[in-house]
>>> print(open('structure31.txt').read())   # compact mmCIF, C-alpha atoms and all ligand atoms
# COMPACT_ATOMS: atom_id res chain seq x y z
CA MET A 128 12.15 -18.41 -6.15
CA ASP A 129 11.40 -20.81 -8.95
CA LEU A 130 7.92 -22.03 -8.02
CA ARG A 131 6.59 -25.15 -9.67
CA ILE A 132 3.41 -27.21 -9.64
CA GLY A 133 3.31 -29.21 -6.41
CA ASP A 134 5.24 -26.61 -4.39
CA LYS A 135 3.63 -25.02 -1.33
CA ALA A 136 2.30 -21.58 -2.21
CA PRO A 137 4.46 -19.17 -0.17
CA ASN A 138 2.50 -17.46 2.55
CA PHE A 139 2.59 -13.69 3.01
CA THR A 140 0.89 -10.97 4.98
CA ALA A 141 -0.09 -7.84 3.11
CA ASN A 142 -2.41 -4.88 2.99
CA THR A 143 -5.14 -5.25 0.40
CA THR A 144 -8.16 -3.30 -0.74
CA GLU A 145 -10.20 -5.69 1.43
CA GLY A 146 -8.05 -5.22 4.56
CA ARG A 147 -4.86 -6.79 5.87
CA ILE A 148 -4.57 -10.50 5.17
CA ASP A 149 -2.48 -13.52 5.98
CA PHE A 150 -2.68 -15.23 2.60
CA HIS A 151 -3.05 -18.81 3.85
CA GLU A 152 -5.60 -17.81 6.48
CA TRP A 153 -7.52 -15.83 3.90
CA LEU A 154 -7.58 -18.87 1.59
CA GLY A 155 -8.94 -21.06 4.39
CA GLU A 156 -10.32 -24.29 2.95
CA ASP A 157 -11.00 -22.75 -0.45
CA TRP A 158 -9.12 -22.80 -3.71
CA GLY A 159 -7.19 -19.66 -4.60
CA VAL A 160 -6.59 -18.00 -7.95
CA PHE A 161 -3.66 -15.65 -7.40
CA MET A 162 -3.06 -13.38 -10.39
CA SER A 163 -0.59 -10.65 -11.18
CA HIS A 164 -1.32 -7.60 -13.29
CA PRO A 165 1.44 -5.42 -14.73
CA ALA A 166 -0.05 -2.15 -13.55
CA ASP A 167 -3.09 -0.24 -12.37
CA PHE A 168 -4.82 1.99 -14.92
CA THR A 169 -3.84 -0.11 -17.93
CA PRO A 170 -6.38 -1.18 -20.53
CA VAL A 171 -5.95 -4.96 -20.71
CA CYS A 172 -5.80 -5.29 -16.92
CA THR A 173 -8.93 -3.17 -16.61
CA THR A 174 -10.88 -5.60 -18.81
CA GLU A 175 -9.49 -8.60 -16.92
CA ILE A 176 -10.38 -7.29 -13.46
CA GLY A 177 -13.87 -6.48 -14.73
CA ARG A 178 -14.28 -10.00 -16.13
CA VAL A 179 -13.16 -11.64 -12.88
CA ALA A 180 -15.70 -9.54 -10.97
CA LYS A 181 -18.47 -10.57 -13.35
CA LEU A 182 -17.50 -14.24 -12.96
CA LYS A 183 -18.02 -14.04 -9.19
CA LYS A 184 -20.73 -16.72 -9.18
CA GLU A 185 -18.57 -19.07 -11.28
CA PHE A 186 -15.64 -18.72 -8.87
CA ARG A 187 -17.93 -19.19 -5.89
CA LYS A 188 -19.51 -22.33 -7.41
CA ARG A 189 -16.00 -23.80 -7.43
CA ASN A 190 -15.10 -22.55 -3.92
CA ALA A 191 -12.36 -20.55 -5.62
CA LYS A 192 -11.33 -17.08 -4.48
CA PRO A 193 -9.63 -14.62 -6.85
CA ILE A 194 -6.92 -12.33 -5.51
CA VAL A 195 -4.86 -9.89 -7.52
CA LEU A 196 -1.42 -8.32 -7.23
CA SER A 197 -0.49 -5.24 -9.22
CA VAL A 198 2.91 -3.62 -8.64
CA GLY A 199 2.55 -0.70 -11.05
CA THR A 200 0.67 1.90 -9.07
CA LYS A 201 -0.01 5.56 -9.84
CA PRO A 202 3.11 7.67 -9.19
CA GLY A 203 2.78 9.86 -6.13
CA MET A 204 -0.16 7.90 -4.78
CA ALA A 205 -0.15 5.31 -1.98
CA PRO A 206 -0.49 1.83 -3.56
CA LEU A 207 -3.84 1.04 -1.95
CA ASP A 208 -5.24 4.44 -2.97
CA SER A 209 -4.07 3.74 -6.51
CA HIS A 210 -5.74 0.29 -6.45
CA ARG A 211 -8.98 1.78 -5.09
CA GLU A 212 -9.10 4.57 -7.66
CA TRP A 213 -8.47 2.04 -10.40
CA ILE A 214 -11.22 -0.25 -9.07
CA ASN A 215 -13.62 2.69 -9.43
CA ASP A 216 -12.60 2.95 -13.10
CA VAL A 217 -13.03 -0.81 -13.57
CA ASN A 218 -16.48 -0.73 -12.02
CA GLU A 219 -17.46 2.24 -14.18
CA THR A 220 -16.09 1.04 -17.51
CA GLN A 221 -16.71 -2.71 -17.21
CA ASP A 222 -20.10 -2.50 -15.48
CA ALA A 223 -18.62 -4.54 -12.65
CA ASN A 224 -18.49 -4.61 -8.87
CA VAL A 225 -14.97 -5.59 -7.82
CA ASP A 226 -15.09 -7.08 -4.32
CA PHE A 227 -12.00 -9.28 -4.22
CA PRO A 228 -8.64 -8.13 -2.82
CA LEU A 229 -6.01 -6.21 -4.75
CA VAL A 230 -2.75 -6.67 -2.90
CA GLU A 231 -0.28 -3.91 -2.09
CA ASP A 232 3.32 -4.95 -2.82
CA PRO A 233 5.34 -1.70 -2.80
CA ASN A 234 8.74 -3.44 -2.56
CA LYS A 235 7.78 -6.19 -5.03
CA GLU A 236 8.61 -8.81 -2.40
CA ILE A 237 5.55 -10.93 -3.11
CA ALA A 238 6.01 -10.54 -6.87
CA ASP A 239 9.63 -11.68 -6.50
CA THR A 240 8.74 -14.61 -4.27
CA TYR A 241 6.19 -15.82 -6.81
CA GLY A 242 8.50 -15.15 -9.77
CA MET A 243 5.93 -12.81 -11.31
CA ILE A 244 8.58 -10.45 -12.68
CA HIS A 245 10.25 -11.88 -15.78
CA PRO A 246 13.24 -9.53 -16.21
CA ASN A 247 13.75 -10.26 -19.89
CA ALA A 248 10.16 -9.16 -20.54
CA ASN A 249 10.18 -6.20 -18.15
CA ASP A 250 12.42 -5.80 -15.12
CA THR A 251 9.98 -3.80 -13.01
CA LEU A 252 6.45 -4.92 -13.90
CA THR A 253 4.89 -8.33 -13.43
CA VAL A 254 3.74 -10.48 -16.30
CA ARG A 255 0.20 -11.93 -16.15
CA SER A 256 0.77 -14.90 -13.87
CA VAL A 257 -1.96 -17.24 -12.71
CA PHE A 258 -1.39 -19.55 -9.74
CA VAL A 259 -4.23 -21.91 -8.87
CA ILE A 260 -3.74 -23.06 -5.28
CA GLY A 261 -5.55 -26.00 -3.70
CA PRO A 262 -7.08 -26.19 -0.20
CA ASP A 263 -3.84 -27.91 0.92
CA LYS A 264 -2.00 -24.70 -0.19
CA ASP A 265 -0.12 -26.58 -2.89
CA ILE A 266 0.24 -24.95 -6.29
CA LYS A 267 -1.90 -26.91 -8.74
CA LEU A 268 -1.46 -24.89 -11.92
CA ILE A 269 0.72 -22.07 -13.21
CA ILE A 270 0.12 -20.05 -16.38
CA SER A 271 2.03 -16.99 -17.57
CA TYR A 272 0.91 -14.55 -20.25
CA PRO A 273 2.84 -11.53 -21.47
CA ALA A 274 1.50 -8.07 -20.62
CA SER A 275 0.04 -7.59 -24.10
CA THR A 276 -2.14 -10.72 -24.01
CA GLY A 277 -5.21 -10.75 -21.80
CA ARG A 278 -6.07 -14.00 -20.05
CA ASN A 279 -8.92 -16.30 -21.02
CA PHE A 280 -10.96 -16.81 -17.86
CA THR A 281 -13.19 -19.39 -19.52
CA GLU A 282 -10.06 -21.53 -19.80
CA ILE A 283 -9.01 -20.79 -16.23
CA LEU A 284 -12.43 -21.92 -14.91
CA ARG A 285 -12.30 -24.98 -17.16
CA ALA A 286 -8.87 -25.88 -15.78
CA ILE A 287 -10.17 -25.46 -12.21
CA ASP A 288 -13.01 -27.88 -13.04
CA SER A 289 -10.43 -30.40 -14.19
CA LEU A 290 -8.15 -29.84 -11.18
CA GLN A 291 -11.03 -30.32 -8.75
CA LEU A 292 -12.34 -33.41 -10.52
CA THR A 293 -8.95 -35.10 -10.86
CA ALA A 294 -8.16 -34.34 -7.20
CA GLU A 295 -11.14 -36.46 -6.17
CA TYR A 296 -11.35 -39.22 -8.75
CA GLU A 297 -8.79 -41.40 -10.49
CA VAL A 298 -9.35 -39.71 -13.83
CA ALA A 299 -7.59 -37.30 -16.15
CA THR A 300 -9.32 -34.93 -18.58
CA PRO A 301 -8.61 -35.13 -22.31
CA VAL A 302 -7.85 -32.36 -24.75
CA ASP A 303 -10.36 -29.50 -24.72
CA TRP A 304 -12.42 -31.30 -22.06
CA GLN A 305 -15.43 -29.43 -20.72
CA HIS A 306 -17.47 -30.14 -17.59
CA GLY A 307 -19.90 -32.97 -18.39
CA GLU A 308 -17.77 -34.71 -20.99
CA ASP A 309 -16.17 -38.13 -20.75
CA CYS A 310 -12.93 -38.46 -18.81
CA ILE A 311 -9.88 -40.67 -19.14
CA VAL A 312 -9.41 -43.39 -16.55
CA ALA A 313 -6.06 -42.68 -14.85
CA PRO A 314 -3.28 -44.88 -16.23
CA GLY A 315 -2.61 -46.34 -12.76
CA VAL A 316 -6.04 -47.98 -12.52
CA PRO A 317 -5.86 -51.67 -13.52
CA THR A 318 -8.45 -52.46 -16.20
CA GLU A 319 -10.07 -55.13 -13.97
CA ASP A 320 -10.72 -52.45 -11.31
CA ILE A 321 -12.54 -50.08 -13.67
CA PRO A 322 -16.10 -51.48 -13.28
CA GLY A 323 -15.91 -51.21 -9.49
CA LYS A 324 -14.46 -47.70 -9.55
CA PHE A 325 -16.48 -46.33 -12.45
CA PRO A 326 -19.94 -47.93 -12.32
CA LYS A 327 -21.32 -45.56 -14.98
CA GLY A 328 -19.44 -47.59 -17.59
CA HIS A 329 -16.25 -47.36 -19.58
CA ARG A 330 -14.78 -47.80 -23.04
CA ILE A 331 -11.44 -49.36 -23.83
CA ILE A 332 -10.15 -47.70 -26.99
CA LYS A 333 -6.56 -48.91 -26.46
CA GLU A 334 -5.29 -50.59 -23.34
CA TYR A 335 -3.69 -47.24 -22.39
CA LEU A 336 -6.70 -45.15 -23.44
CA ARG A 337 -9.79 -45.91 -21.40
CA THR A 338 -12.69 -43.50 -20.95
CA THR A 339 -15.60 -43.20 -18.55
CA PRO A 340 -18.46 -40.72 -18.08
CA GLN A 341 -17.59 -37.89 -15.71
CA PRO A 342 -17.89 -39.61 -12.32
CA ASN A 343 -19.20 -36.74 -10.17
CA ILE A 344 -22.35 -35.75 -12.07
C1 LIG B 401 -2.44 -3.49 -20.16
O1 LIG B 401 -2.90 -4.03 -19.15
O2 LIG B 401 -3.18 -2.99 -20.98
C2 LIG B 401 -0.98 -3.50 -20.44
C3 LIG B 401 -0.08 -3.43 -19.38
C4 LIG B 401 1.27 -3.39 -19.64
C5 LIG B 401 1.71 -3.47 -20.96
C6 LIG B 401 0.79 -3.58 -22.00
C7 LIG B 401 -0.56 -3.59 -21.74
>>> encode(input="structure31.txt", output="structure tokens")
Amino acid sequence: MDLRIGDKAPNFTANTTEGRIDFHEWLGEDWGVFMSHPADFTPVCTTEIGRVAKLKKEFRKRNAKPIVLSVGTKPGMAPLDSHREWINDVNETQDANVDFPLVEDPNKEIADTYGMIHPNANDTLTVRSVFVIGPDKDIKLIISYPASTGRNFTEILRAIDSLQLTAEYEVATPVDWQHGEDCIVAPGVPTEDIPGKFPKGHRIIKEYLRTTPQPNI
């Protein structure tokens, strides 16, 4: 399936290291950050899982729940046992406490549904996909990294800040925007409506480029 921004995130039921889940029910009213890892017991993935665990408070602040799929499990070992043994390594080496679900996907059905396997990169292992899913279960953001490039979770959290802000207010966020910085008034807002909608003030740099202080702080 060729999933795109705006599509409904496909639901699935699966066994995970935190028990059996129905994905949509597990998400509830929260945001989801669904990530694929090429394989258990690999160095880049180990650092990523550790980082996500250490960012627990940052995810929670944003009502965002991380969940991970890894299709490359230890040969001869049941997938969940492989995930659990790997989590022990992550906790030991990254000084972390992983308490979010690692999903079992022995037949790669979920990976296929989400298009996490890019056959011209590797026809059996997933790339590093990131799907940010909103409380309405719509896909809000998709990023793909190759196996050899670890993700930047500072950027992923920054993007979630922007997604959550722009879902609530008629603003967009400019290049390299960080929480607390000025925003762009959405192009659809007539200039005469800006003072009523953005009482903190605004600047008109060009008629198509209008800024306002971040409205929700
Ligand atoms: C890693 O996570 O370290 C990794 C996985 C697959 C290919 C290359 C690196």
>>> closest_atom_pairs(input="structure31.txt", of="chain A", to="ligand LIG 401 (chain B)", cutoff="8 Å", atoms="only C-alpha atoms and all ligand atoms", output="CSV")
residue,atom,partner,partner_atom,distance
A:His164,CA,B:LIG401,O1,7.0
A:Pro165,CA,B:LIG401,C3,5.3
A:Ala166,CA,B:LIG401,C3,6.0
A:Asp167,CA,B:LIG401,O1,7.8
A:Phe168,CA,B:LIG401,O1,7.6
A:Thr169,CA,B:LIG401,O1,4.2
A:Pro170,CA,B:LIG401,O2,3.7
A:Val171,CA,B:LIG401,O2,3.4
A:Cys172,CA,B:LIG401,O1,3.9
A:Thr173,CA,B:LIG401,O1,6.6
A:Leu252,CA,B:LIG401,C4,7.9
A:Ala274,CA,B:LIG401,C5,4.6
A:Ser275,CA,B:LIG401,C6,4.6
A:Thr276,CA,B:LIG401,C7,7.6
A:Gly277,CA,B:LIG401,O1,7.6
>>> residues_around(input="structure31.txt", residues="range 203-216 of chain A", least_positions_apart="2", cutoff="7 Å", atoms="all atoms listed in the file", output="VMD selection string")
chain A and resid 143 to 144 167 to 168 200 to 201 218 to 220 225 229 231 233
>>> residues_around(input="structure31.txt", residues="range 241-251 of chain A", least_positions_apart="3", cutoff="8 Å", atoms="only C-alpha atoms", output="PyMOL selection string")
chain A and resi 128-130+137+163+237-238+254-256+273
>>> write_last_selection(input="structure31.txt", atoms="C-alpha atoms", output="tab-separated table (two decimals), in the frame of the given file")
chain	number	residue	atom	x	y	z
A	128	MET	CA	12.15	-18.41	-6.15
A	129	ASP	CA	11.40	-20.81	-8.95
A	130	LEU	CA	7.92	-22.03	-8.02
A	137	PRO	CA	4.46	-19.17	-0.17
A	163	SER	CA	-0.59	-10.65	-11.18
A	237	ILE	CA	5.55	-10.93	-3.11
A	238	ALA	CA	6.01	-10.54	-6.87
A	254	VAL	CA	3.74	-10.48	-16.30
A	255	ARG	CA	0.20	-11.93	-16.15
A	256	SER	CA	0.77	-14.90	-13.87
A	273	PRO	CA	2.84	-11.53	-21.47
>>> atom_distance(input="structure31.txt", atom1="CA of Gln305 in chain A", atom2="CA of Ile321 in chain A")
22.0 Å
>>> atom_distance(input="structure31.txt", atom1="CA of Glu236 in chain A", atom2="CA of Leu268 in chain A")
21.2 Å
>>> atom_distance(input="structure31.txt", atom1="CA of Tyr335 in chain A", atom2="CA of Tyr296 in chain A")
17.6 Å
>>> closest_residue(input="structure31.txt", among="A:Lys267, A:Arg278, A:Val198, A:Val257", to="Asn234 in chain A", atoms="only C-alpha atoms")
A:Val198
>>> closest_residue(input="structure31.txt", among="A:Glu297, A:Glu156, A:Asp232, A:Glu282", to="Asp263 in chain A", atoms="all atoms listed in the file")
A:Glu156
>>> build_atoms(input="structure31.txt", residues="range 220-231 of chain A", atoms="all heavy atoms", output="compact mmCIF listing (two decimals), in the frame of the given file")
# COMPACT_ATOMS: atom_id res chain seq x y z
N THR A 220 -16.23 1.34 -16.08
CA THR A 220 -16.09 1.04 -17.51
C THR A 220 -16.50 -0.38 -17.87
O THR A 220 -16.85 -0.65 -19.01
CB THR A 220 -14.63 1.25 -17.99
OG1 THR A 220 -13.76 0.35 -17.26
CG2 THR A 220 -14.17 2.68 -17.76
N GLN A 221 -16.42 -1.30 -16.91
CA GLN A 221 -16.71 -2.71 -17.21
C GLN A 221 -18.05 -3.15 -16.63
O GLN A 221 -18.38 -4.33 -16.65
CB GLN A 221 -15.59 -3.63 -16.66
CG GLN A 221 -14.19 -3.22 -17.05
CD GLN A 221 -14.01 -3.17 -18.56
OE1 GLN A 221 -14.29 -4.16 -19.26
NE2 GLN A 221 -13.56 -2.03 -19.07
N ASP A 222 -18.80 -2.19 -16.08
CA ASP A 222 -20.10 -2.50 -15.48
C ASP A 222 -19.95 -3.64 -14.47
O ASP A 222 -20.65 -4.65 -14.53
CB ASP A 222 -21.09 -2.88 -16.60
CG ASP A 222 -22.50 -2.98 -16.08
OD1 ASP A 222 -22.80 -2.35 -15.05
OD2 ASP A 222 -23.31 -3.73 -16.69
N ALA A 223 -18.98 -3.46 -13.58
CA ALA A 223 -18.62 -4.54 -12.65
C ALA A 223 -18.71 -4.04 -11.22
O ALA A 223 -18.93 -2.85 -10.97
CB ALA A 223 -17.20 -5.00 -12.95
N ASN A 224 -18.55 -4.97 -10.29
CA ASN A 224 -18.49 -4.61 -8.87
C ASN A 224 -17.35 -5.43 -8.25
O ASN A 224 -17.56 -6.55 -7.80
CB ASN A 224 -19.84 -4.92 -8.20
CG ASN A 224 -19.79 -4.61 -6.72
OD1 ASN A 224 -18.97 -3.81 -6.27
ND2 ASN A 224 -20.63 -5.27 -5.95
N VAL A 225 -16.16 -4.85 -8.29
CA VAL A 225 -14.97 -5.59 -7.82
C VAL A 225 -15.01 -5.69 -6.30
O VAL A 225 -15.02 -4.67 -5.61
CB VAL A 225 -13.67 -4.86 -8.27
CG1 VAL A 225 -12.44 -5.52 -7.68
CG2 VAL A 225 -13.59 -4.82 -9.80
N ASP A 226 -15.05 -6.92 -5.79
CA ASP A 226 -15.09 -7.08 -4.32
C ASP A 226 -14.09 -8.13 -3.84
O ASP A 226 -14.25 -8.71 -2.79
CB ASP A 226 -16.51 -7.43 -3.85
CG ASP A 226 -16.98 -8.75 -4.39
OD1 ASP A 226 -16.24 -9.37 -5.19
OD2 ASP A 226 -18.07 -9.20 -3.98
N PHE A 227 -13.07 -8.37 -4.66
CA PHE A 227 -12.00 -9.28 -4.22
C PHE A 227 -10.74 -8.44 -3.98
O PHE A 227 -10.63 -7.30 -4.47
CB PHE A 227 -11.75 -10.38 -5.28
CG PHE A 227 -11.65 -9.87 -6.69
CD1 PHE A 227 -10.44 -9.39 -7.17
CD2 PHE A 227 -12.77 -9.82 -7.51
CE1 PHE A 227 -10.35 -8.90 -8.46
CE2 PHE A 227 -12.68 -9.32 -8.80
CZ PHE A 227 -11.47 -8.85 -9.28
N PRO A 228 -9.76 -8.98 -3.23
CA PRO A 228 -8.64 -8.13 -2.82
C PRO A 228 -7.63 -7.84 -3.92
O PRO A 228 -7.25 -8.73 -4.69
CB PRO A 228 -7.97 -8.94 -1.70
CG PRO A 228 -8.72 -10.21 -1.55
CD PRO A 228 -9.75 -10.30 -2.61
N LEU A 229 -7.19 -6.59 -3.97
CA LEU A 229 -6.01 -6.21 -4.75
C LEU A 229 -4.91 -5.97 -3.72
O LEU A 229 -5.08 -5.17 -2.79
CB LEU A 229 -6.26 -4.94 -5.56
CG LEU A 229 -6.78 -5.16 -6.99
CD1 LEU A 229 -8.20 -5.71 -6.96
CD2 LEU A 229 -6.76 -3.85 -7.77
N VAL A 230 -3.82 -6.65 -3.91
CA VAL A 230 -2.75 -6.67 -2.90
C VAL A 230 -1.77 -5.53 -3.13
O VAL A 230 -1.40 -5.24 -4.28
CB VAL A 230 -2.00 -8.02 -2.99
CG1 VAL A 230 -0.82 -8.07 -2.02
CG2 VAL A 230 -2.95 -9.19 -2.77
N GLU A 231 -1.34 -4.93 -2.04
CA GLU A 231 -0.28 -3.91 -2.09
C GLU A 231 1.08 -4.63 -1.98
O GLU A 231 1.25 -5.47 -1.09
CB GLU A 231 -0.48 -2.99 -0.89
CG GLU A 231 0.63 -2.03 -0.65
CD GLU A 231 0.44 -1.31 0.69
OE1 GLU A 231 0.80 -1.88 1.74
OE2 GLU A 231 -0.06 -0.18 0.69
